[in-house]
Structures are given as structure tokens and as C-alpha cells.
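One file, start_23.cif, carrying mmCIF, C-alpha atoms:
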```cif
data_data
loop_
_atom_site.label_atom_id
_atom_site.label_comp_id
_atom_site.auth_asym_id
_atom_site.auth_seq_id
_atom_site.Cartn_x
_atom_site.Cartn_y
_atom_site.Cartn_z
CA MET A 13 22.47 46.56 -2.07
CA LEU A 14 20.66 43.36 -1.12
CA ALA A 15 23.44 42.31 1.25
CA SER A 16 23.01 45.54 3.20
CA ILE A 17 19.27 45.05 3.83
CA ASP A 18 18.14 43.71 7.17
CA LEU A 19 15.48 41.05 6.50
CA ASN A 20 13.73 42.09 9.69
CA LEU A 21 12.81 45.31 7.89
CA LEU A 22 10.73 43.30 5.42
CA PHE A 23 8.82 41.66 8.25
CA ALA A 24 8.29 45.12 9.75
CA LEU A 25 7.01 46.32 6.37
CA GLU A 26 4.63 43.36 6.21
CA ALA A 27 3.18 44.35 9.59
CA LEU A 28 2.95 48.01 8.63
CA LEU A 29 1.09 47.21 5.40
CA GLU A 30 -1.27 44.89 7.25
CA HIS A 31 -2.10 47.14 10.22
CA ARG A 32 -1.49 50.59 8.67
CA ASN A 33 -0.70 51.80 12.16
CA VAL A 34 2.81 52.13 13.57
CA THR A 35 1.83 51.24 17.13
CA HIS A 36 -0.20 48.16 16.15
CA ALA A 37 2.47 46.99 13.71
CA ALA A 38 5.16 47.38 16.39
CA ARG A 39 3.11 45.29 18.85
CA HIS A 40 2.58 42.60 16.16
CA VAL A 41 6.32 42.03 15.61
CA GLY A 42 7.43 42.69 19.18
CA LEU A 43 9.08 46.07 18.66
CA SER A 44 8.67 49.35 20.48
CA GLN A 45 6.80 52.17 18.74
CA PRO A 46 9.98 54.24 18.28
CA SER A 47 11.80 51.22 16.78
CA MET A 48 8.99 50.68 14.28
CA SER A 49 9.07 54.40 13.36
CA ARG A 50 12.80 54.10 12.67
CA ALA A 51 12.16 50.97 10.60
CA LEU A 52 9.62 52.86 8.50
CA ARG A 53 12.11 55.65 7.88
CA ARG A 54 14.74 53.13 6.73
CA LEU A 55 12.22 51.37 4.48
CA ARG A 56 11.30 54.69 2.85
CA GLY A 57 14.97 55.22 2.10
CA ILE A 58 15.46 51.72 0.69
CA PHE A 59 12.46 51.91 -1.65
CA ASN A 60 12.74 55.67 -2.29
CA ASP A 61 9.03 55.96 -1.59
CA ASP A 62 6.85 57.18 1.29
CA LEU A 63 5.13 53.78 1.42
CA LEU A 64 2.55 54.96 3.98
CA VAL A 65 1.18 58.51 4.17
CA ARG A 66 -1.35 60.10 6.48
CA GLY A 67 -4.99 60.13 5.38
CA SER A 68 -8.30 61.02 6.99
CA MET A 69 -8.71 57.45 8.36
CA GLY A 70 -5.06 56.82 9.28
CA LEU A 71 -2.09 55.71 7.21
CA VAL A 72 -2.71 55.09 3.51
CA PRO A 73 -0.43 52.93 1.31
CA THR A 74 1.17 54.41 -1.78
CA PRO A 75 0.92 52.57 -5.13
CA GLN A 76 4.43 51.22 -4.51
CA ALA A 77 3.32 49.91 -1.10
CA GLN A 78 0.28 48.26 -2.66
CA ARG A 79 2.54 46.43 -5.10
CA LEU A 80 4.79 45.35 -2.24
CA SER A 81 1.79 44.10 -0.24
CA ARG A 82 1.10 41.62 -3.06
CA MET A 83 4.72 40.55 -3.45
CA LEU A 84 5.80 40.23 0.19
CA PRO A 85 3.60 37.40 1.58
CA PRO A 86 4.89 34.55 -0.66
CA VAL A 87 8.49 35.75 -0.28
CA LEU A 88 8.31 35.98 3.51
CA ASP A 89 6.41 32.69 3.80
CA ALA A 90 9.21 31.01 1.85
CA ILE A 91 11.81 32.54 4.20
CA ARG A 92 9.83 31.33 7.23
CA GLY A 93 9.67 27.87 5.72
CA ILE A 94 13.41 27.79 5.07
CA VAL A 95 14.21 28.90 8.61
CA ASN A 96 11.60 26.80 10.39
CA GLY A 97 11.78 23.76 8.10
CA SER A 98 8.00 23.63 8.22
CA LEU A 99 6.65 24.32 4.75
CA ALA A 100 3.11 23.02 4.57
CA GLN A 101 2.94 19.57 3.02
CA ALA A 102 0.21 20.81 0.70
CA ASN A 103 2.81 23.09 -0.93
CA TRP A 104 5.55 20.49 -1.37
CA ARG A 105 6.54 19.93 -4.97
CA SER A 106 9.09 17.19 -4.56
CA LYS A 107 9.58 13.52 -5.41
CA ALA A 108 9.82 10.53 -3.09
CA ILE A 109 11.44 7.34 -4.43
CA MET A 110 10.80 4.23 -2.37
CA ALA A 111 12.30 0.78 -2.92
CA MET A 112 9.46 -1.58 -2.06
CA PRO A 113 8.87 -5.14 -3.28
CA ASP A 114 5.58 -5.66 -5.03
CA HIS A 115 4.10 -7.81 -2.26
CA GLN A 116 4.59 -4.93 0.20
CA GLY A 117 3.08 -2.54 -2.33
CA LEU A 118 -0.10 -4.62 -2.27
CA VAL A 119 -0.39 -4.06 1.46
CA LEU A 120 0.85 -0.49 1.91
CA LEU A 121 0.00 1.49 -1.21
CA PRO A 122 -3.82 1.23 -1.06
CA ARG A 123 -3.65 2.90 2.37
CA LEU A 124 -0.65 5.16 1.82
CA LEU A 125 -1.41 6.79 -1.53
CA PRO A 126 -4.81 8.28 -0.53
CA ARG A 127 -3.18 9.83 2.54
CA LEU A 128 -0.42 11.37 0.44
CA ARG A 129 -2.89 12.62 -2.15
CA GLN A 130 -4.90 14.32 0.60
CA HIS A 131 -2.06 15.86 2.59
CA ALA A 132 0.66 16.39 -0.05
CA PRO A 133 -1.10 16.50 -3.44
CA HIS A 134 1.99 17.78 -5.27
CA LEU A 135 4.32 15.06 -3.95
CA ASP A 136 5.34 12.69 -6.76
CA VAL A 137 5.74 9.10 -5.56
CA VAL A 138 7.92 6.61 -7.44
CA ILE A 139 7.91 2.95 -6.36
CA ASP A 140 11.00 0.90 -7.24
CA PRO A 141 10.20 -2.83 -6.83
CA LEU A 142 13.87 -3.84 -6.69
CA LEU A 143 15.77 -3.91 -3.41
CA SER A 144 19.10 -4.73 -5.07
CA GLY A 145 21.76 -2.26 -3.92
CA ALA A 146 19.23 -0.49 -1.71
CA MET A 147 21.73 0.49 1.00
CA ARG A 148 24.13 2.09 -1.44
CA ARG A 149 21.31 3.88 -3.24
CA LEU A 150 20.01 5.26 0.06
CA GLU A 151 23.45 6.67 0.85
CA LEU A 152 23.75 8.27 -2.58
CA GLY A 153 20.25 9.73 -2.43
CA GLU A 154 19.08 7.72 -5.44
CA ILE A 155 16.19 6.43 -3.32
CA ASP A 156 14.70 7.97 -0.19
CA LEU A 157 13.40 4.91 1.66
CA ALA A 158 13.50 1.13 1.47
CA ILE A 159 10.86 -1.24 2.82
CA GLY A 160 11.55 -4.93 3.35
CA GLN A 161 12.86 -7.60 5.69
CA ILE A 162 16.02 -6.58 7.50
CA SER A 163 16.75 -7.42 11.12
CA ALA A 164 19.14 -4.58 11.96
CA SER A 165 20.30 -1.29 10.49
CA PRO A 166 24.01 -1.05 9.59
CA SER A 167 26.08 1.89 10.78
CA GLY A 168 24.89 5.09 9.12
CA TYR A 169 21.36 3.80 8.57
CA LEU A 170 18.18 3.90 10.62
CA ARG A 171 15.43 1.33 10.90
CA ARG A 172 11.80 1.44 11.97
CA SER A 173 9.71 -1.69 12.39
CA LEU A 174 6.41 -1.23 10.54
CA TYR A 175 4.59 -4.43 11.47
CA SER A 176 4.97 -8.15 12.00
CA ASP A 177 2.92 -10.79 10.24
CA ARG A 178 2.63 -14.57 10.22
CA PHE A 179 2.97 -16.64 7.10
CA ALA A 180 0.07 -18.20 5.22
CA CYS A 181 -0.24 -20.68 2.35
CA LEU A 182 -2.03 -19.82 -0.87
CA LEU A 183 -3.51 -22.58 -3.07
CA ARG A 184 -6.08 -22.54 -5.84
CA HIS A 185 -9.58 -22.79 -4.40
CA ASP A 186 -10.17 -26.33 -5.75
CA HIS A 187 -6.71 -27.71 -5.00
CA PRO A 188 -6.80 -31.50 -4.30
CA ALA A 189 -4.84 -30.96 -1.06
CA LEU A 190 -7.82 -29.10 0.42
CA ALA A 191 -9.88 -32.29 0.33
CA ARG A 192 -7.27 -34.22 2.32
CA GLU A 193 -5.90 -33.92 5.82
CA TRP A 194 -3.57 -30.95 6.04
CA THR A 195 -0.38 -32.34 7.54
CA ILE A 196 3.34 -31.67 7.40
CA GLU A 197 3.67 -34.61 5.00
CA SER A 198 1.00 -33.38 2.60
CA PHE A 199 2.43 -29.87 2.80
CA ALA A 200 5.97 -31.07 2.05
CA ALA A 201 4.77 -33.22 -0.85
CA LEU A 202 3.49 -30.18 -2.76
CA ARG A 203 5.57 -28.25 -5.28
CA HIS A 204 6.15 -24.72 -4.01
CA ALA A 205 6.47 -21.42 -5.84
CA ALA A 206 8.91 -18.78 -4.56
CA ILE A 207 9.74 -15.16 -5.30
CA ALA A 208 13.23 -14.78 -6.78
CA LEU A 209 15.63 -12.89 -4.53
CA ASP A 210 17.10 -9.69 -5.99
CA SER A 211 18.95 -8.25 -3.00
CA LYS A 212 22.24 -9.01 -1.27
CA ASP A 213 21.87 -6.20 1.27
CA GLY A 214 20.29 -8.31 3.99
CA PHE A 215 16.72 -7.73 2.90
CA GLY A 216 14.91 -11.06 3.13
CA ARG A 217 12.59 -12.55 0.55
CA VAL A 218 9.03 -13.70 0.97
CA HIS A 219 9.87 -17.38 0.70
CA ASP A 220 13.17 -17.65 2.59
CA GLU A 221 11.63 -19.91 5.25
CA LEU A 222 11.43 -22.82 2.82
CA VAL A 223 15.18 -23.42 2.95
CA LYS A 224 14.69 -24.68 6.50
CA LEU A 225 12.13 -27.30 5.47
CA ASP A 226 12.51 -30.76 3.98
CA LEU A 227 10.50 -30.55 0.77
CA GLN A 228 11.50 -33.96 -0.53
CA GLY A 229 14.44 -32.49 -2.45
CA ARG A 230 12.24 -30.46 -4.78
CA ASP A 231 13.44 -26.96 -5.55
CA PRO A 232 10.74 -24.28 -5.64
CA VAL A 233 9.55 -22.74 -8.90
CA LEU A 234 11.07 -19.25 -8.93
CA VAL A 235 8.97 -16.40 -10.30
CA SER A 236 9.74 -12.71 -10.68
CA ASN A 237 7.00 -11.14 -8.56
CA ILE A 238 4.05 -11.86 -6.33
CA LEU A 239 1.29 -11.36 -8.89
CA THR A 240 2.97 -13.68 -11.40
CA ALA A 241 3.26 -16.26 -8.64
CA ALA A 242 -0.39 -15.81 -7.67
CA LEU A 243 -1.57 -16.28 -11.26
CA ALA A 244 0.60 -19.39 -11.55
CA ILE A 245 -0.81 -21.06 -8.44
CA ALA A 246 -4.38 -20.17 -9.48
CA ALA A 247 -3.88 -22.35 -12.57
CA THR A 248 -1.66 -25.13 -11.15
CA ASP A 249 -1.14 -27.32 -8.09
CA LEU A 250 1.67 -25.10 -6.83
CA LEU A 251 1.61 -23.66 -3.31
CA LEU A 252 2.88 -20.23 -2.31
CA ILE A 253 3.86 -19.06 1.18
CA VAL A 254 3.40 -15.32 1.78
CA PRO A 255 2.69 -13.01 4.72
CA ARG A 256 -0.98 -13.26 5.72
CA ARG A 257 -1.72 -9.60 4.91
CA VAL A 258 -0.46 -10.25 1.38
CA ALA A 259 -2.41 -13.51 1.13
CA THR A 260 -5.62 -11.73 2.12
CA ARG A 261 -5.13 -9.08 -0.57
CA ILE A 262 -4.40 -11.62 -3.29
CA ALA A 263 -7.24 -13.98 -2.31
CA ALA A 264 -9.65 -11.06 -2.71
CA LEU A 265 -8.60 -10.77 -6.36
CA LEU A 266 -8.15 -14.41 -7.43
CA PRO A 267 -9.91 -17.72 -6.71
CA LEU A 268 -7.43 -18.81 -4.04
CA ALA A 269 -7.70 -20.44 -0.64
CA ILE A 270 -5.69 -19.42 2.44
CA MET A 271 -4.32 -22.08 4.78
CA ASP A 272 -2.12 -21.87 7.85
CA PRO A 273 1.18 -23.74 7.40
CA PRO A 274 1.23 -27.04 9.31
CA VAL A 275 4.72 -26.11 10.55
CA GLN A 276 5.99 -23.32 12.79
CA LEU A 277 7.52 -20.49 10.75
CA THR A 278 9.34 -17.44 12.06
CA PRO A 279 7.09 -14.34 12.03
CA TYR A 280 7.60 -12.01 9.10
CA GLU A 281 8.68 -8.47 10.04
CA VAL A 282 8.53 -5.52 7.68
CA ALA A 283 10.91 -2.62 8.34
CA LEU A 284 11.49 0.85 6.96
CA ILE A 285 15.14 1.80 6.31
CA TRP A 286 16.69 5.17 5.52
CA HIS A 287 20.12 6.80 5.62
CA GLU A 288 21.06 9.24 8.36
CA ARG A 289 21.58 11.96 5.73
CA SER A 290 17.78 12.24 5.55
CA HIS A 291 16.99 11.61 9.20
CA ARG A 292 16.21 15.18 10.27
CA ASP A 293 14.73 16.41 7.00
CA PRO A 294 11.16 17.59 7.79
CA GLU A 295 9.62 16.26 4.58
CA HIS A 296 11.36 12.92 4.97
CA ARG A 297 10.32 12.68 8.62
CA TRP A 298 6.70 13.44 7.73
CA LEU A 299 6.72 10.81 4.97
CA ARG A 300 8.08 8.17 7.36
CA HIS A 301 5.25 8.94 9.74
CA GLU A 302 2.65 8.60 6.97
CA ILE A 303 4.09 5.22 5.96
CA ALA A 304 3.96 4.05 9.58
CA VAL A 305 0.33 5.12 9.90
CA ALA A 306 -0.58 3.31 6.68
CA ALA A 307 1.24 0.16 7.83
CA ALA A 308 -0.50 0.24 11.21
CA ALA A 309 -3.99 0.80 9.77
CA GLY A 310 -6.44 -1.54 11.44
CA THR A 311 -4.23 -2.11 14.50
CA GLU A 312 -5.51 0.23 17.21
CA SER A 313 -2.64 -0.28 19.64
CA LYS A 314 -0.04 0.59 17.02
CA ILE A 315 -1.92 3.64 15.76
CA SER A 316 -2.18 5.03 19.30
CA GLN A 317 1.60 4.72 19.70
CA LEU A 318 2.60 6.48 16.47
CA GLY A 319 2.78 10.01 17.86
CA ARG A 320 5.16 8.90 20.60
CA GLN A 321 7.28 6.86 18.20
CA VAL A 322 7.77 9.77 15.83
CA THR A 323 8.90 12.19 18.51
CA ASP A 324 11.07 9.60 20.25
CA GLU A 325 13.16 8.62 17.23
CA SER A 326 16.37 6.86 18.16
CA PRO A 327 19.59 8.05 16.50
CA ARG A 328 20.03 4.54 15.07
CA GLN A 329 16.69 2.75 15.09
CA GLU A 330 12.97 3.39 15.30
CA THR A 331 10.77 0.62 16.61
#
```

In C-alpha cells, how does this file's structure come out?
Amino acid sequence: MLASIDLNLLFALEALLEHRNVTHAARHVGLSQPSMSRALRRLRGIFNDDLLVRGSMGLVPTPQAQRLSRMLPPVLDAIRGIVNGSLAQANWRSKAIMAMPDHQGLVLLPRLLPRLRQHAPHLDVVIDPLLSGAMRRLELGEIDLAIGQISASPSGYLRRSLYSDRFACLLRHDHPALAREWTIESFAALRHAAIALDSKDGFGRVHDELVKLDLQGRDPVLVSNILTAALAIAATDLLLIVPRRVATRIAALLPLAIMDPPVQLTPYEVALIWHERSHRDPEHRWLRHEIAVAAAAGTESKISQLGRQVTDESPRQET
């Protein structure tokens, strides 16, 4: 029986139960008055009930119609959402898994999570700190997004630049080097800490610039994550090179000093990557926009451009 029912009849019934007037209900859904009268006759046959009967003040719903008036709105709203792809974010009950190294989490999550909590309170967010195999996992749907250093998106993937940053040096606040002239020689003489690389997908690491420098043949001390590295340099004479946004966050938590490198280093760009399978999904698209807003927080020119960037998405790359 369900296959034989025209869904438009349910929308007509919704209008009839709301307006309790055939003419007004017809105008609401864009039908003629005779068409709405025919719809009411068909609905009475489907439900084997009069649904609306004449009373002293107009049409009066039957008990069956009153039950339907409670049941119809959530059902029809769900149908509208399926067709329009525009379910309100506040009603989403899904999960978003993002591959994001911990140093990017320090920058993005304090701004992103409050926005998500406000606009999509039922959205569960899972942060995976490992970028290993990120491209394959994006294709398989094991993760939804990846955030890191990658200069170009391979075929089948899309990329959006979130922001660029310059590198900064972190040292403990009473490091002996701070009392001396800060030169390339003094910089190179220090032992450096570095974040161990876990990805072979093209995502860069925080410390990859050091391979271009002559550090007197001394390999860096590899650590597993940014906070471990920060705690290590706070207690030793090690030096750590990180993006300045990250350095600012860490220096607010630990007794560390921030210094500009005495050498020219390539700017650090952070990008958002996803697979084309998710490109047109409305929830995914909305989440990408929220991440871009969080990343651009504090940069007026970028914030003003976000609306245009979201509507002008390239089929292969967002910038």
C-alpha cells in the first residue's frame, strides 16, 4: 500500500491540518482549491477516516487527524532534509574523524570545538593525531578530513589552504644562548629537538626544514609529539623549531622563550585535505567551512573571504 501513496498527499494533509480550511491549505502548497478538495477525498480513503469535518467555526479534525498532526511534522521534516540535503546542524547526530597532528590541534581545537558545540551539539568529534596512511583512509571513509603540510592534492582528493605561518624557535626561558648574540653559528651549535615523522603520504613534519641546515653533524633528538618536545626543551638546552602560532600557544603554558631563527626558512603552510567522495556532502561541506573559520580567526582579511571561498570551491582544490 505504501508504494501506491503519493507523498504529496501527506504534504497536503499537513497543510489541511494546519489551516483547517481547504482554500487556505491549497494556497499554502500551491494547489488550486478543487485539487486540494480531491486530495482530501483521497486522504479520507487512504486513512478510512473523515479527517476533517464541518463544525460551527469551520473544519474540525477528527481524533485520527489529531494523532496524525503530531506524527506528520517530524516525518515530513526528515523527508525535506533528505531531498534538500539541508538538515539543521543542530539536529545532526553523526561523527567526524579528523587526522590532525597534535601541534595543529593546539592551534585549531580551542577555536573549533566551541563553534561545533554551539552549532552542532550532537556532532561527535574524534581527533586522530597520526597522519600515516591518511590518503588511503580518506578514500575508504575511515577518516573524514586530514590537516597537515601537503603542497598539492593528488588525483581524487581536494585541498584547501587554511593558513601560512613562519617558523619560530623555542628555548627554555633561561637558556644560556639568550645571553649571547643570536647568530647562525650559535643557532647551529645548539642541539635540536624534532617531531618524529609518521607519514609517507606527502604530509610534512614540523621540523623538516632542519635537513637543509648544517648543524655541525648533530642529528636532532626525535620525540613523539609536540608537548613531549616542549617539556624536554623546558628542562634542557635543546631548541625546537615550530610554527609561530604553535610556539605562542606552548609559551603561554611553559616557561619558554620565542626567538626568530637567524636563517631564512620556508613559510609553513597548513592545508585541509579530503576525498572527492565527500566533496558535495552538506555536513562535510559545513564542517570544512567551520574549520576554515577557526583557522582564520584573528585574520580579518581571511575571515572576510571565507563566504566566497566556500561557494567557489574548485573541483580539485580550495585555496

Please provide as an mmCIF file with C-alpha atoms, keeping the file's coordinate frame all residues within 9 Å of Leu125 (chain A), with the sequence filter that same-chain residues fewer than 5 positions apart are discarded (counting all atoms listed in the file).
```
data_model
loop_
_atom_site.group_PDB
_atom_site.id
_atom_site.type_symbol
_atom_site.label_atom_id
_atom_site.label_comp_id
_atom_site.auth_asym_id
_atom_site.auth_seq_id
_atom_site.Cartn_x
_atom_site.Cartn_y
_atom_site.Cartn_z
ATOM 1 C CA LEU A 120 0.850 -0.490 1.910
ATOM 2 C CA GLN A 130 -4.900 14.320 0.600
ATOM 3 C CA VAL A 137 5.740 9.100 -5.560
ATOM 4 C CA ALA A 306 -0.580 3.310 6.680
#
```

Task: Nearest candidate to His115 (chain A) (options A:Ala27, A:Leu268, A:Leu128, A:Ala259; using all atoms listed in the file) - done: A:Ala259

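In this comparison, which uses only C-alpha atoms, the residue of A:Gly93, A:Ile262, A:Arg256, A:Pro73 approaching Ser176 (chain A) most closely is A:Arg256.
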
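The nearest approach to Pro141 (chain A) among the residues A:Asn237, A:Asp186, A:Ala164, A:Arg123, with all atoms listed in the file taken into account, belongs to A:Asn237.
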
- [ ] Using the chain letters and numbers from the file, give me the residues hit by the PyMOL selection byres ((chain A and resi 35) around 8), as a PyMOL selection string.
- [x] chain A and resi 33-34+36-39+44-45+48

Go ahead and write the residues just picked, C-alpha atoms, as an mmCIF file, in the coordinates of the input.
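The result, stored in result24.cif:
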```cif
data_model
loop_
_atom_site.group_PDB
_atom_site.id
_atom_site.type_symbol
_atom_site.label_atom_id
_atom_site.label_comp_id
_atom_site.auth_asym_id
_atom_site.auth_seq_id
_atom_site.Cartn_x
_atom_site.Cartn_y
_atom_site.Cartn_z
ATOM 1 C CA ASN A 33 -0.700 51.800 12.160
ATOM 2 C CA VAL A 34 2.810 52.130 13.570
ATOM 3 C CA HIS A 36 -0.200 48.160 16.150
ATOM 4 C CA ALA A 37 2.470 46.990 13.710
ATOM 5 C CA ALA A 38 5.160 47.380 16.390
ATOM 6 C CA ARG A 39 3.110 45.290 18.850
ATOM 7 C CA SER A 44 8.670 49.350 20.480
ATOM 8 C CA GLN A 45 6.800 52.170 18.740
ATOM 9 C CA MET A 48 8.990 50.680 14.280
#
```

- [ ] Give the answer as one residue: which of A:Gly57, A:Pro75, A:Pro279, A:Pro267 has the shortest atom-to-atom distance to Arg184 (chain A), using all atoms listed in the file?
- [x] A:Pro267

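You will find CA of Gln76 (chain A) at 6.5 Å from CA of Leu63 (chain A).
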
- [ ] Could you check how far CA of Ile245 (chain A) sits from CA of His204 (chain A), in Å to one decimal?
- [x] 9.0 Å

TODO: Might you pull out every residue within 12 Å of Gly117 (chain A), with all atoms listed in the file counted and same-chain residues fewer than 4 positions away left off, and present them as number ranges by chain?
DONE: A: 110-113, 121-125, 138-142, 158-160, 237-239, 257-258, 261-262, 282, 303, 306-307

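CA of Glu295 (chain A) is positioned 14.5 Å from CA of Arg127 (chain A).
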
Go ahead and find all residues with at least one atom no further than 12 Å from (12.7, 51.9, 4.7) in the file's coordinates, using only C-alpha atoms; report them as a PDB file with C-alpha atoms, in the frame of the given file.
```
ATOM      1  CA  ILE A  17      19.270  45.050   3.830  1.00  0.00           C
ATOM      2  CA  ASP A  18      18.140  43.710   7.170  1.00  0.00           C
ATOM      3  CA  LEU A  19      15.480  41.050   6.500  1.00  0.00           C
ATOM      4  CA  ASN A  20      13.730  42.090   9.690  1.00  0.00           C
ATOM      5  CA  LEU A  21      12.810  45.310   7.890  1.00  0.00           C
ATOM      6  CA  LEU A  22      10.730  43.300   5.420  1.00  0.00           C
ATOM      7  CA  PHE A  23       8.820  41.660   8.250  1.00  0.00           C
ATOM      8  CA  ALA A  24       8.290  45.120   9.750  1.00  0.00           C
ATOM      9  CA  LEU A  25       7.010  46.320   6.370  1.00  0.00           C
ATOM     10  CA  GLU A  26       4.630  43.360   6.210  1.00  0.00           C
ATOM     11  CA  LEU A  28       2.950  48.010   8.630  1.00  0.00           C
ATOM     12  CA  MET A  48       8.990  50.680  14.280  1.00  0.00           C
ATOM     13  CA  SER A  49       9.070  54.400  13.360  1.00  0.00           C
ATOM     14  CA  ARG A  50      12.800  54.100  12.670  1.00  0.00           C
ATOM     15  CA  ALA A  51      12.160  50.970  10.600  1.00  0.00           C
ATOM     16  CA  LEU A  52       9.620  52.860   8.500  1.00  0.00           C
ATOM     17  CA  ARG A  53      12.110  55.650   7.880  1.00  0.00           C
ATOM     18  CA  ARG A  54      14.740  53.130   6.730  1.00  0.00           C
ATOM     19  CA  LEU A  55      12.220  51.370   4.480  1.00  0.00           C
ATOM     20  CA  ARG A  56      11.300  54.690   2.850  1.00  0.00           C
ATOM     21  CA  GLY A  57      14.970  55.220   2.100  1.00  0.00           C
ATOM     22  CA  ILE A  58      15.460  51.720   0.690  1.00  0.00           C
ATOM     23  CA  PHE A  59      12.460  51.910  -1.650  1.00  0.00           C
ATOM     24  CA  ASN A  60      12.740  55.670  -2.290  1.00  0.00           C
ATOM     25  CA  ASP A  61       9.030  55.960  -1.590  1.00  0.00           C
ATOM     26  CA  ASP A  62       6.850  57.180   1.290  1.00  0.00           C
ATOM     27  CA  LEU A  63       5.130  53.780   1.420  1.00  0.00           C
ATOM     28  CA  LEU A  64       2.550  54.960   3.980  1.00  0.00           C
ATOM     29  CA  ALA A  77       3.320  49.910  -1.100  1.00  0.00           C
TER      30      ALA A  77
END
```

- [ ] May I have the residues within 12 Å of Ala241 (chain A) as a ChimeraX atom specification, using only C-alpha atoms and disregarding those fewer than 2 positions away in the same chain?
- [x] /A:114-115,182-184,204-208,218-219,232-239,243-254,259,262,266,268

Once you add 6 Å to each side, what are the centre and edge lengths of the axis-aligned box holding all listed atoms of region 138-152 of chain A? One decimal in Å, as AutoDock Vina command-line options, if you can.
```
--center_x 16.0 --center_y 1.8 --center_z -3.2 --size_x 28.2 --size_y 25.0 --size_z 20.4
```

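Candidate residues A:Ala283, A:Val275, A:Leu135, A:Arg32 were compared for distance to Glu197 (chain A), and the nearest is A:Val275, using all atoms listed in the file.
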
TODO: Check what the PyMOL selection byres ((chain A and resi 173) around 12) selects in the file above and give those residues as a VMD selection string.
DONE: chain A and resid 158 to 165 170 to 172 174 to 177 280 to 286 300 to 301 303 to 305 307 to 308 314 318 321 325 329 to 331
